[in-house]
$ cat model_22.pdb   # PDB, C-alpha atoms (C1' of nucleotides)
ATOM      1  CA  MET C   2       5.482   0.273   2.177
ATOM      2  CA  ARG C   3       5.544  -3.427   2.907
ATOM      3  CA  PHE C   4       9.256  -3.170   3.501
ATOM      4  CA  THR C   5       8.727  -0.259   5.884
ATOM      5  CA  VAL C   6       6.251  -2.331   7.868
ATOM      6  CA  VAL C   7       8.899  -5.033   8.160
ATOM      7  CA  GLN C   8      11.421  -2.432   9.307
ATOM      8  CA  ARG C   9       9.012  -1.245  11.968
ATOM      9  CA  LEU C  10       8.290  -4.770  13.161
ATOM     10  CA  ALA C  11      12.012  -5.387  13.392
ATOM     11  CA  GLU C  12      11.964  -2.809  16.212
ATOM     12  CA  SER C  13       9.219  -4.536  18.188
ATOM     13  CA  ASP C  14       5.858  -6.236  17.756
ATOM     14  CA  ALA C  15       2.834  -4.034  17.119
ATOM     15  CA  THR C  16      -0.916  -4.207  16.695
ATOM     16  CA  VAL C  17      -2.739  -3.501  13.443
ATOM     17  CA  GLY C  18      -3.934  -0.217  14.907
ATOM     18  CA  ASP C  19      -0.393   0.816  15.888
ATOM     19  CA  LEU C  20       0.815   0.285  12.362
ATOM     20  CA  ALA C  21      -2.129   2.120  10.836
ATOM     21  CA  ALA C  22      -1.538   5.159  13.065
ATOM     22  CA  MET C  23       2.181   5.068  12.418
ATOM     23  CA  PHE C  24       1.903   4.940   8.638
ATOM     24  CA  ASP C  25      -1.181   7.096   8.417
ATOM     25  CA  ILE C  26      -3.267   4.645   6.413
ATOM     26  CA  THR C  27      -6.497   2.896   7.378
ATOM     27  CA  VAL C  28      -6.412  -0.255   9.495
ATOM     28  CA  GLN C  29      -8.006  -2.070   6.561
ATOM     29  CA  GLY C  30      -5.004  -1.159   4.450
ATOM     30  CA  VAL C  31      -2.610  -2.491   7.063
ATOM     31  CA  SER C  32      -4.633  -5.660   7.412
ATOM     32  CA  GLN C  33      -4.306  -6.237   3.672
ATOM     33  CA  HIS C  34      -0.536  -5.810   3.750
ATOM     34  CA  LEU C  35      -0.348  -8.234   6.633
ATOM     35  CA  ASP C  36      -2.322 -10.772   4.587
ATOM     36  CA  VAL C  37       0.427 -10.914   1.997
ATOM     37  CA  LEU C  38       3.295 -10.743   4.493
ATOM     38  CA  GLU C  39       1.692 -13.580   6.422
ATOM     39  CA  LYS C  40       1.202 -15.690   3.303
ATOM     40  CA  ALA C  41       4.868 -15.105   2.538
ATOM     41  CA  GLY C  42       5.685 -16.389   6.044
ATOM     42  CA  LEU C  43       7.332 -13.127   7.082
ATOM     43  CA  VAL C  44       4.985 -12.238   9.930
ATOM     44  CA  SER C  45       2.476 -13.955  12.187
ATOM     45  CA  ARG C  46      -0.634 -12.640  13.945
ATOM     46  CA  HIS C  47      -1.591 -13.729  17.443
ATOM     47  CA  LYS C  48      -4.956 -12.977  18.992
ATOM     48  CA  GLU C  49      -4.460 -11.157  22.253
ATOM     49  CA  GLY C  50      -7.602  -9.935  23.945
ATOM     50  CA  ARG C  51      -9.332  -7.793  21.420
ATOM     51  CA  THR C  52      -6.163  -6.706  19.663
ATOM     52  CA  ARG C  53      -3.774  -8.765  17.588
ATOM     53  CA  ARG C  54      -0.043  -8.836  18.114
ATOM     54  CA  VAL C  55       1.884  -8.797  14.858
ATOM     55  CA  ARG C  56       5.308 -10.364  15.006
ATOM     56  CA  LEU C  57       8.115 -10.620  12.470
ATOM     57  CA  GLU C  58       9.269 -14.203  11.899
ATOM     58  CA  PRO C  59      13.025 -14.518  12.410
ATOM     59  CA  THR C  60      13.296 -17.748  10.427
ATOM     60  CA  ALA C  61      12.022 -16.237   7.175
ATOM     61  CA  LEU C  62      14.449 -13.359   7.476
ATOM     62  CA  SER C  63      17.175 -15.832   8.198
ATOM     63  CA  GLU C  64      16.514 -17.809   5.042
ATOM     64  CA  ALA C  65      16.546 -14.738   2.834
ATOM     65  CA  ALA C  66      19.729 -13.438   4.418
ATOM     66  CA  GLY C  67      21.325 -16.856   3.982
ATOM     67  CA  TRP C  68      20.488 -16.996   0.305
ATOM     68  CA  MET C  69      21.906 -13.558  -0.308
ATOM     69  CA  GLU C  70      25.022 -14.195   1.699
ATOM     70  CA  ALA C  71      25.792 -17.417  -0.167
ATOM     71  CA  ARG C  72      25.375 -15.694  -3.534
ATOM     72  CA  ARG C  73      27.414 -12.716  -2.498
ATOM     73  CA  ARG C  74      30.320 -14.970  -1.550
ATOM     74  CA  ARG C  75      30.189 -16.812  -4.868
ATOM     75  CA  LEU C  76      30.092 -13.538  -6.764
ATOM     76  CA  GLU C  77      33.028 -12.041  -4.947
ATOM     77  CA  GLU C  78      35.089 -15.129  -5.569
ATOM     78  CA  ARG C  79      34.153 -15.179  -9.224
ATOM     79  CA  TYR C  80      34.909 -11.527  -9.834
ATOM     80  CA  SER C  81      38.228 -11.617  -8.063
ATOM     81  CA  ARG C  82      39.270 -14.383 -10.463
ATOM     82  CA  LEU C  83      37.887 -12.445 -13.423
ATOM     83  CA  ASP C  84      39.932  -9.432 -12.401
ATOM     84  CA  GLU C  85      43.101 -11.539 -12.447
ATOM     85  CA  VAL C  86      42.375 -12.807 -15.935
ATOM     86  CA  LEU C  87      41.656  -9.306 -17.190
ATOM     87  CA  ALA C  88      44.843  -8.017 -15.609
ATOM     88  CA  ASP C  89      46.797 -10.754 -17.424
ATOM     89  CA  MET C  90      45.155  -9.921 -20.733
ATOM     90  CA  ALA C  91      45.951  -6.245 -20.297
ATOM     91  CA  GLN C  92      49.615  -7.081 -19.679
ATOM     92  CA  GLU C  93      49.812  -9.293 -22.794
ATOM     93  CA  GLY C  94      48.277  -6.523 -24.808
ATOM     94  CA  ASP C  95      50.868  -4.056 -23.552
ATOM     95  CA  THR C  96      53.935  -6.184 -24.322
ATOM     96  CA  ARG C  97      52.888  -7.321 -27.777
TER      97      ARG C  97
ATOM     98  CA  MET Q  24      10.447 -11.468 -12.321
ATOM     99  CA  ARG Q  25      13.066  -8.966 -11.222
ATOM    100  CA  PHE Q  26      14.075 -11.363  -8.489
ATOM    101  CA  THR Q  27      14.385 -14.159 -11.034
ATOM    102  CA  VAL Q  28      16.686 -12.010 -13.148
ATOM    103  CA  VAL Q  29      18.856 -11.502 -10.079
ATOM    104  CA  GLN Q  30      18.842 -15.241  -9.462
ATOM    105  CA  ARG Q  31      19.972 -15.855 -13.023
ATOM    106  CA  LEU Q  32      22.719 -13.234 -12.793
ATOM    107  CA  ALA Q  33      23.924 -14.852  -9.588
ATOM    108  CA  GLU Q  34      24.848 -17.826 -11.811
ATOM    109  CA  SER Q  35      26.899 -15.783 -14.260
ATOM    110  CA  ASP Q  36      26.851 -12.517 -16.208
ATOM    111  CA  ALA Q  37      24.617 -12.328 -19.252
ATOM    112  CA  THR Q  38      23.696 -10.006 -22.099
ATOM    113  CA  VAL Q  39      20.319  -8.356 -22.481
ATOM    114  CA  GLY Q  40      19.547 -10.741 -25.333
ATOM    115  CA  ASP Q  41      20.446 -13.786 -23.210
ATOM    116  CA  LEU Q  42      18.028 -12.745 -20.513
ATOM    117  CA  ALA Q  43      15.249 -11.983 -22.989
ATOM    118  CA  ALA Q  44      15.565 -15.420 -24.589
ATOM    119  CA  MET Q  45      15.748 -17.101 -21.206
ATOM    120  CA  PHE Q  46      12.646 -15.458 -19.769
ATOM    121  CA  ASP Q  47      10.746 -15.331 -23.027
ATOM    122  CA  ILE Q  48      10.016 -11.623 -22.968
ATOM    123  CA  THR Q  49      11.181  -8.937 -25.404
ATOM    124  CA  VAL Q  50      14.637  -7.393 -25.060
ATOM    125  CA  GLN Q  51      12.912  -4.078 -24.442
ATOM    126  CA  GLY Q  52      11.203  -5.568 -21.428
ATOM    127  CA  VAL Q  53      14.508  -6.837 -20.053
ATOM    128  CA  SER Q  54      16.133  -3.480 -20.688
ATOM    129  CA  GLN Q  55      13.426  -1.818 -18.608
ATOM    130  CA  HIS Q  56      13.931  -4.202 -15.701
ATOM    131  CA  LEU Q  57      17.633  -3.529 -15.854
ATOM    132  CA  ASP Q  58      16.952   0.209 -15.658
ATOM    133  CA  VAL Q  59      15.391  -0.193 -12.242
ATOM    134  CA  LEU Q  60      17.871  -2.780 -10.986
ATOM    135  CA  GLU Q  61      20.693  -0.486 -12.065
ATOM    136  CA  LYS Q  62      19.142   2.534 -10.353
ATOM    137  CA  ALA Q  63      18.867   0.417  -7.233
ATOM    138  CA  GLY Q  64      22.584  -0.368  -7.561
ATOM    139  CA  LEU Q  65      21.991  -4.105  -7.870
ATOM    140  CA  VAL Q  66      23.450  -4.593 -11.340
ATOM    141  CA  SER Q  67      25.777  -2.781 -13.705
ATOM    142  CA  ARG Q  68      25.954  -2.755 -17.511
ATOM    143  CA  HIS Q  69      29.267  -2.714 -19.359
ATOM    144  CA  LYS Q  70      29.512  -2.032 -23.066
ATOM    145  CA  GLU Q  71      31.348  -4.880 -24.742
ATOM    146  CA  GLY Q  72      31.546  -4.661 -28.514
ATOM    147  CA  ARG Q  73      27.975  -4.430 -29.648
ATOM    148  CA  THR Q  74      26.563  -6.392 -26.736
ATOM    149  CA  ARG Q  75      26.347  -5.364 -23.114
ATOM    150  CA  ARG Q  76      27.492  -7.502 -20.223
ATOM    151  CA  VAL Q  77      25.125  -7.358 -17.288
ATOM    152  CA  ARG Q  78      26.688  -8.068 -13.929
ATOM    153  CA  LEU Q  79      25.241  -8.448 -10.452
ATOM    154  CA  GLU Q  80      26.898  -6.138  -7.899
ATOM    155  CA  PRO Q  81      28.140  -8.123  -4.913
ATOM    156  CA  THR Q  82      28.293  -5.095  -2.633
ATOM    157  CA  ALA Q  83      24.576  -4.332  -2.881
ATOM    158  CA  LEU Q  84      23.703  -7.921  -2.120
ATOM    159  CA  SER Q  85      26.092  -7.783   0.766
ATOM    160  CA  GLU Q  86      24.420  -4.747   2.296
ATOM    161  CA  ALA Q  87      20.948  -6.269   2.062
ATOM    162  CA  ALA Q  88      22.139  -9.537   3.560
ATOM    163  CA  GLY Q  89      23.870  -7.647   6.345
ATOM    164  CA  TRP Q  90      20.749  -5.696   7.224
ATOM    165  CA  MET Q  91      18.673  -8.852   7.371
ATOM    166  CA  GLU Q  92      21.221 -10.765   9.371
ATOM    167  CA  ALA Q  93      21.507  -8.018  11.979
ATOM    168  CA  ARG Q  94      17.745  -7.854  12.376
ATOM    169  CA  ARG Q  95      17.379 -11.596  12.530
ATOM    170  CA  ARG Q  96      19.877 -11.780  15.374
ATOM    171  CA  ARG Q  97      18.086  -9.071  17.331
ATOM    172  CA  LEU Q  98      14.746 -10.797  16.837
ATOM    173  CA  GLU Q  99      15.981 -14.183  17.941
ATOM    174  CA  GLU Q 100      17.486 -12.689  21.044
ATOM    175  CA  ARG Q 101      14.323 -10.809  21.834
ATOM    176  CA  TYR Q 102      12.027 -13.781  21.359
ATOM    177  CA  SER Q 103      14.187 -16.158  23.329
ATOM    178  CA  ARG Q 104      13.909 -13.749  26.276
ATOM    179  CA  LEU Q 105      10.185 -13.447  25.714
ATOM    180  CA  ASP Q 106       9.847 -17.214  25.751
ATOM    181  CA  GLU Q 107      11.561 -17.367  29.141
ATOM    182  CA  VAL Q 108       9.201 -14.801  30.594
ATOM    183  CA  LEU Q 109       6.197 -16.625  29.207
ATOM    184  CA  ALA Q 110       7.473 -19.915  30.579
ATOM    185  CA  ASP Q 111       7.807 -18.323  34.017
ATOM    186  CA  MET Q 112       4.323 -16.889  33.851
ATOM    187  CA  ALA Q 113       2.898 -20.257  32.869
ATOM    188  CA  GLN Q 114       4.578 -21.914  35.851
ATOM    189  CA  GLU Q 115       3.225 -19.320  38.288
ATOM    190  CA  GLY Q 116      -0.202 -19.867  36.845
ATOM    191  CA  ASP Q 117       0.054 -23.610  37.401
ATOM    192  CA  THR Q 118       1.191 -23.519  41.023
ATOM    193  CA  ARG Q 119      -1.232 -20.870  42.175
TER     194      ARG Q 119
ATOM    195  C1'  DT Y  24     -27.252  -6.857  27.020
ATOM    196  C1'  DT Y  25     -25.538  -2.736  25.115
ATOM    197  C1'  DG Y  26     -21.895   0.133  23.600
ATOM    198  C1'  DA Y  27     -17.226   0.891  22.288
ATOM    199  C1'  DC Y  28     -13.187  -0.768  20.170
ATOM    200  C1'  DA Y  29     -10.016  -3.796  17.157
ATOM    201  C1'  DT Y  30      -9.964  -6.210  13.321
ATOM    202  C1'  DT Y  31     -11.428  -8.396   9.003
ATOM    203  C1'  DC Y  32     -14.390  -8.933   4.778
ATOM    204  C1'  DA Y  33     -16.128  -7.013   0.434
ATOM    205  C1'  DA Y  34     -16.194  -3.990  -3.251
ATOM    206  C1'  DG Y  35     -14.679   0.098  -5.699
ATOM    207  C1'  DT Y  36     -10.937   3.387  -7.656
ATOM    208  C1'  DG Y  37      -6.692   5.733  -9.173
ATOM    209  C1'  DT Y  38      -1.842   4.757  -9.798
ATOM    210  C1'  DT Y  39       1.947   1.794 -10.826
ATOM    211  C1'  DT Y  40       3.910  -2.057 -13.050
ATOM    212  C1'  DA Y  41       5.103  -5.359 -16.536
ATOM    213  C1'  DC Y  42       4.853  -5.876 -20.430
ATOM    214  C1'  DT Y  43       4.074  -4.802 -25.838
ATOM    215  C1'  DT Y  44       5.042  -2.720 -30.671
ATOM    216  C1'  DG Y  45       7.529   0.549 -33.461
ATOM    217  C1'  DA Y  46      11.297   3.698 -34.305
ATOM    218  C1'  DA Y  47      16.173   5.498 -33.231
ATOM    219  C1'  DT Y  48      21.133   4.728 -32.179
ATOM    220  C1'  DA Y  49      25.463   2.479 -32.335
ATOM    221  C1'  DA Y  50      28.929  -1.039 -33.359
ATOM    222  C1'  DA Y  51      30.675  -5.095 -36.253
ATOM    223  C1'  DT Y  52      30.919  -7.045 -40.791
ATOM    224  C1'  DG Y  53      30.638  -7.685 -45.740
TER     225       DG Y  53
ATOM    226  C1'  DC K  16      29.077   2.661 -47.408
ATOM    227  C1'  DA K  17      25.083  -0.569 -46.526
ATOM    228  C1'  DT K  18      23.492  -4.249 -43.726
ATOM    229  C1'  DT K  19      22.935  -6.820 -39.773
ATOM    230  C1'  DT K  20      22.865  -7.267 -34.860
ATOM    231  C1'  DA K  21      22.332  -5.543 -29.955
ATOM    232  C1'  DT K  22      20.410  -2.402 -27.404
ATOM    233  C1'  DT K  23      17.756   1.669 -25.921
ATOM    234  C1'  DC K  24      14.000   5.242 -26.363
ATOM    235  C1'  DA K  25       9.065   6.306 -26.670
ATOM    236  C1'  DA K  26       4.374   5.502 -26.293
ATOM    237  C1'  DG K  27       0.452   2.551 -25.445
ATOM    238  C1'  DT K  28      -2.288  -1.134 -22.689
ATOM    239  C1'  DA K  29      -4.019  -4.647 -19.513
ATOM    240  C1'  DA K  30      -3.359  -6.435 -15.083
ATOM    241  C1'  DA K  31      -1.764  -5.808 -10.357
ATOM    242  C1'  DC K  32      -1.322  -2.951  -6.418
ATOM    243  C1'  DA K  33      -2.150   0.212  -2.656
ATOM    244  C1'  DC K  34      -5.163   2.141  -1.041
ATOM    245  C1'  DT K  35     -10.332   3.765   0.211
ATOM    246  C1'  DT K  36     -15.257   3.501   2.218
ATOM    247  C1'  DG K  37     -18.877   0.725   4.195
ATOM    248  C1'  DA K  38     -20.547  -3.292   6.543
ATOM    249  C1'  DA K  39     -19.875  -7.661   9.423
ATOM    250  C1'  DT K  40     -17.573 -10.158  13.323
ATOM    251  C1'  DG K  41     -15.717 -10.763  17.767
ATOM    252  C1'  DT K  42     -14.214  -9.219  22.416
ATOM    253  C1'  DC K  43     -14.065  -6.350  26.536
ATOM    254  C1'  DA K  44     -16.415  -3.580  30.028
ATOM    255  C1'  DA K  45     -20.391  -1.080  32.144
TER     256       DA K  45
END

$ encode --input "model_22.pdb" --output "structure tokens"
Amino acid sequence: MRFTVVQRLAESDATVGDLAAMFDITVQGVSQHLDVLEKAGLVSRHKEGRTRRVRLEPTALSEAAGWMEARRRRLEERYSRLDEVLADMAQEGDTR
Amino acid sequence: MRFTVVQRLAESDATVGDLAAMFDITVQGVSQHLDVLEKAGLVSRHKEGRTRRVRLEPTALSEAAGWMEARRRRLEERYSRLDEVLADMAQEGDTR
DNA sequence: TTGACATTCAAGTGTTTACTTGAATAAATG
DNA sequence: CATTTATTCAAGTAAACACTTGAATGTCAA
């Protein structure tokens, strides 16, 4: 659910009411989800007349993506080396 | 918790027992977490003698990072345009 | 000011989650 | 073969979560 809200906000900003209608839950429910997303720094709420514009924060997304990307690279490197070692071991096993 | 397991696996592979000791929960608990991570395609388990090597799957991480990165770029672009528009509006407001 | 609308605050509820203990399975080791 | 070690399967429980309804707050518009 929370993830789906993020997906939707990635399309464009929305109001609490928009999100509630879209996901077919009460506005109170949406507001509660936004509380935790906001605490996590993923979204921000801006008063705008009597509605509130909910926006996804690019920086938070950026940090998460960065973390994952860095780890992915390390893993790929590591496993490509591991594969070499295993290949060597297999060969030794064959010839002995 | 699940995220922390992923973090730990990003360091190096581990056995179920390793993880249990490290996080101070029962091996059963770890095994259950691994069930869901495996279903989600984030880790894989390989029988190795009587232990099992748990490995983080680079490809899954890669996909998630890719999704985030793409969205982040779109958001930044969008908001930089929005900022320009708002700056223009502010100027008009001043001079009028 | 009054009414309508958008949102949040507060409190309650059923479902899901993150564990636990106890028993079963499967491989190494004496 | 019997024992030990690593893990999974099964079932139970307390805490967290994703909602809900009802009431309060704040803003626009007649």

$ interface_residues --input "model_22.pdb" --of "chain Q" --to "chain K" --cutoff "10 Å" --atoms "all atoms listed in the file" --output "VMD selection string"
chain Q and resid 38 to 40 50 to 51 54 to 55 72 to 75

$ resolve_selection --input "model_22.pdb" --expression "the PyMOL selection byres ((chain Q and resi 26-34) around 8)" --output "ChimeraX atom specification"
/C:72,76 /Q:24-25,35-37,42,77-79

$ interface_residues --input "model_22.pdb" --of "chain Q" --to "chain C" --cutoff "7 Å" --atoms "all atoms listed in the file" --output "list in words"
Ala33, Pro81, Leu84, Ser85, Ala88, Met91, Glu92, Arg94, Arg95, Leu98 and Glu99 of chain Q

$ write_last_selection --input "model_22.pdb" --atoms "C-alpha atoms" --output "mmCIF file, in the coordinates of the input"
data_model
loop_
_atom_site.group_PDB
_atom_site.id
_atom_site.type_symbol
_atom_site.label_atom_id
_atom_site.label_comp_id
_atom_site.auth_asym_id
_atom_site.auth_seq_id
_atom_site.Cartn_x
_atom_site.Cartn_y
_atom_site.Cartn_z
ATOM 1 C CA ALA Q 33 23.924 -14.852 -9.588
ATOM 2 C CA PRO Q 81 28.140 -8.123 -4.913
ATOM 3 C CA LEU Q 84 23.703 -7.921 -2.120
ATOM 4 C CA SER Q 85 26.092 -7.783 0.766
ATOM 5 C CA ALA Q 88 22.139 -9.537 3.560
ATOM 6 C CA MET Q 91 18.673 -8.852 7.371
ATOM 7 C CA GLU Q 92 21.221 -10.765 9.371
ATOM 8 C CA ARG Q 94 17.745 -7.854 12.376
ATOM 9 C CA ARG Q 95 17.379 -11.596 12.530
ATOM 10 C CA LEU Q 98 14.746 -10.797 16.837
ATOM 11 C CA GLU Q 99 15.981 -14.183 17.941
#

$ interface_residues --input "model_22.pdb" --of "chain Y" --to "chain C" --cutoff "12 Å" --atoms "all atoms listed in the file" --output "number ranges by chain"
Y: 27-33

$ atom_distance --input "model_22.pdb" --atom1 "CA of Gly42 (chain C)" --atom2 "C1' of DT40 (chain Y)"
23.9 Å

$ closest_residue --input "model_22.pdb" --among "Y:DG26, Y:DA34, Y:DA51, Y:DC42" --to "His56 (chain Q)" --atoms "all atoms listed in the file"
Y:DC42

$ axis_aligned_box --input "model_22.pdb" --around "region 77-90 of chain Q" --padding-each-side "6 Å" --output "JSON"
{"center_x": 24.5, "center_y": -6.9, "center_z": -5.0, "size_x": 19.5, "size_y": 17.2, "size_z": 36.5}

$ residues_near_point --input "model_22.pdb" --point "(22.9, -2.1, -14.5)" --cutoff "9 Å" --atoms "all atoms listed in the file" --output "number ranges by chain"
Q: 57-69, 77-80

$ write_last_selection --input "model_22.pdb" --atoms "C-alpha atoms" --output "JSON list (two decimals), in the coordinates of the input"
[["chain", "number", "residue", "atom", "x", "y", "z"],
["Q", 57, "LEU", "CA", 17.63, -3.53, -15.85],
["Q", 58, "ASP", "CA", 16.95, 0.21, -15.66],
["Q", 59, "VAL", "CA", 15.39, -0.19, -12.24],
["Q", 60, "LEU", "CA", 17.87, -2.78, -10.99],
["Q", 61, "GLU", "CA", 20.69, -0.49, -12.06],
["Q", 62, "LYS", "CA", 19.14, 2.53, -10.35],
["Q", 63, "ALA", "CA", 18.87, 0.42, -7.23],
["Q", 64, "GLY", "CA", 22.58, -0.37, -7.56],
["Q", 65, "LEU", "CA", 21.99, -4.11, -7.87],
["Q", 66, "VAL", "CA", 23.45, -4.59, -11.34],
["Q", 67, "SER", "CA", 25.78, -2.78, -13.70],
["Q", 68, "ARG", "CA", 25.95, -2.76, -17.51],
["Q", 69, "HIS", "CA", 29.27, -2.71, -19.36],
["Q", 77, "VAL", "CA", 25.12, -7.36, -17.29],
["Q", 78, "ARG", "CA", 26.69, -8.07, -13.93],
["Q", 79, "LEU", "CA", 25.24, -8.45, -10.45],
["Q", 80, "GLU", "CA", 26.90, -6.14, -7.90]]

$ atom_distance --input "model_22.pdb" --atom1 "CA of Glu71 (chain Q)" --atom2 "C1' of DA41 (chain Y)"
27.5 Å

$ atom_distance --input "model_22.pdb" --atom1 "CA of Val53 (chain Q)" --atom2 "C1' of DT43 (chain Y)"
12.1 Å
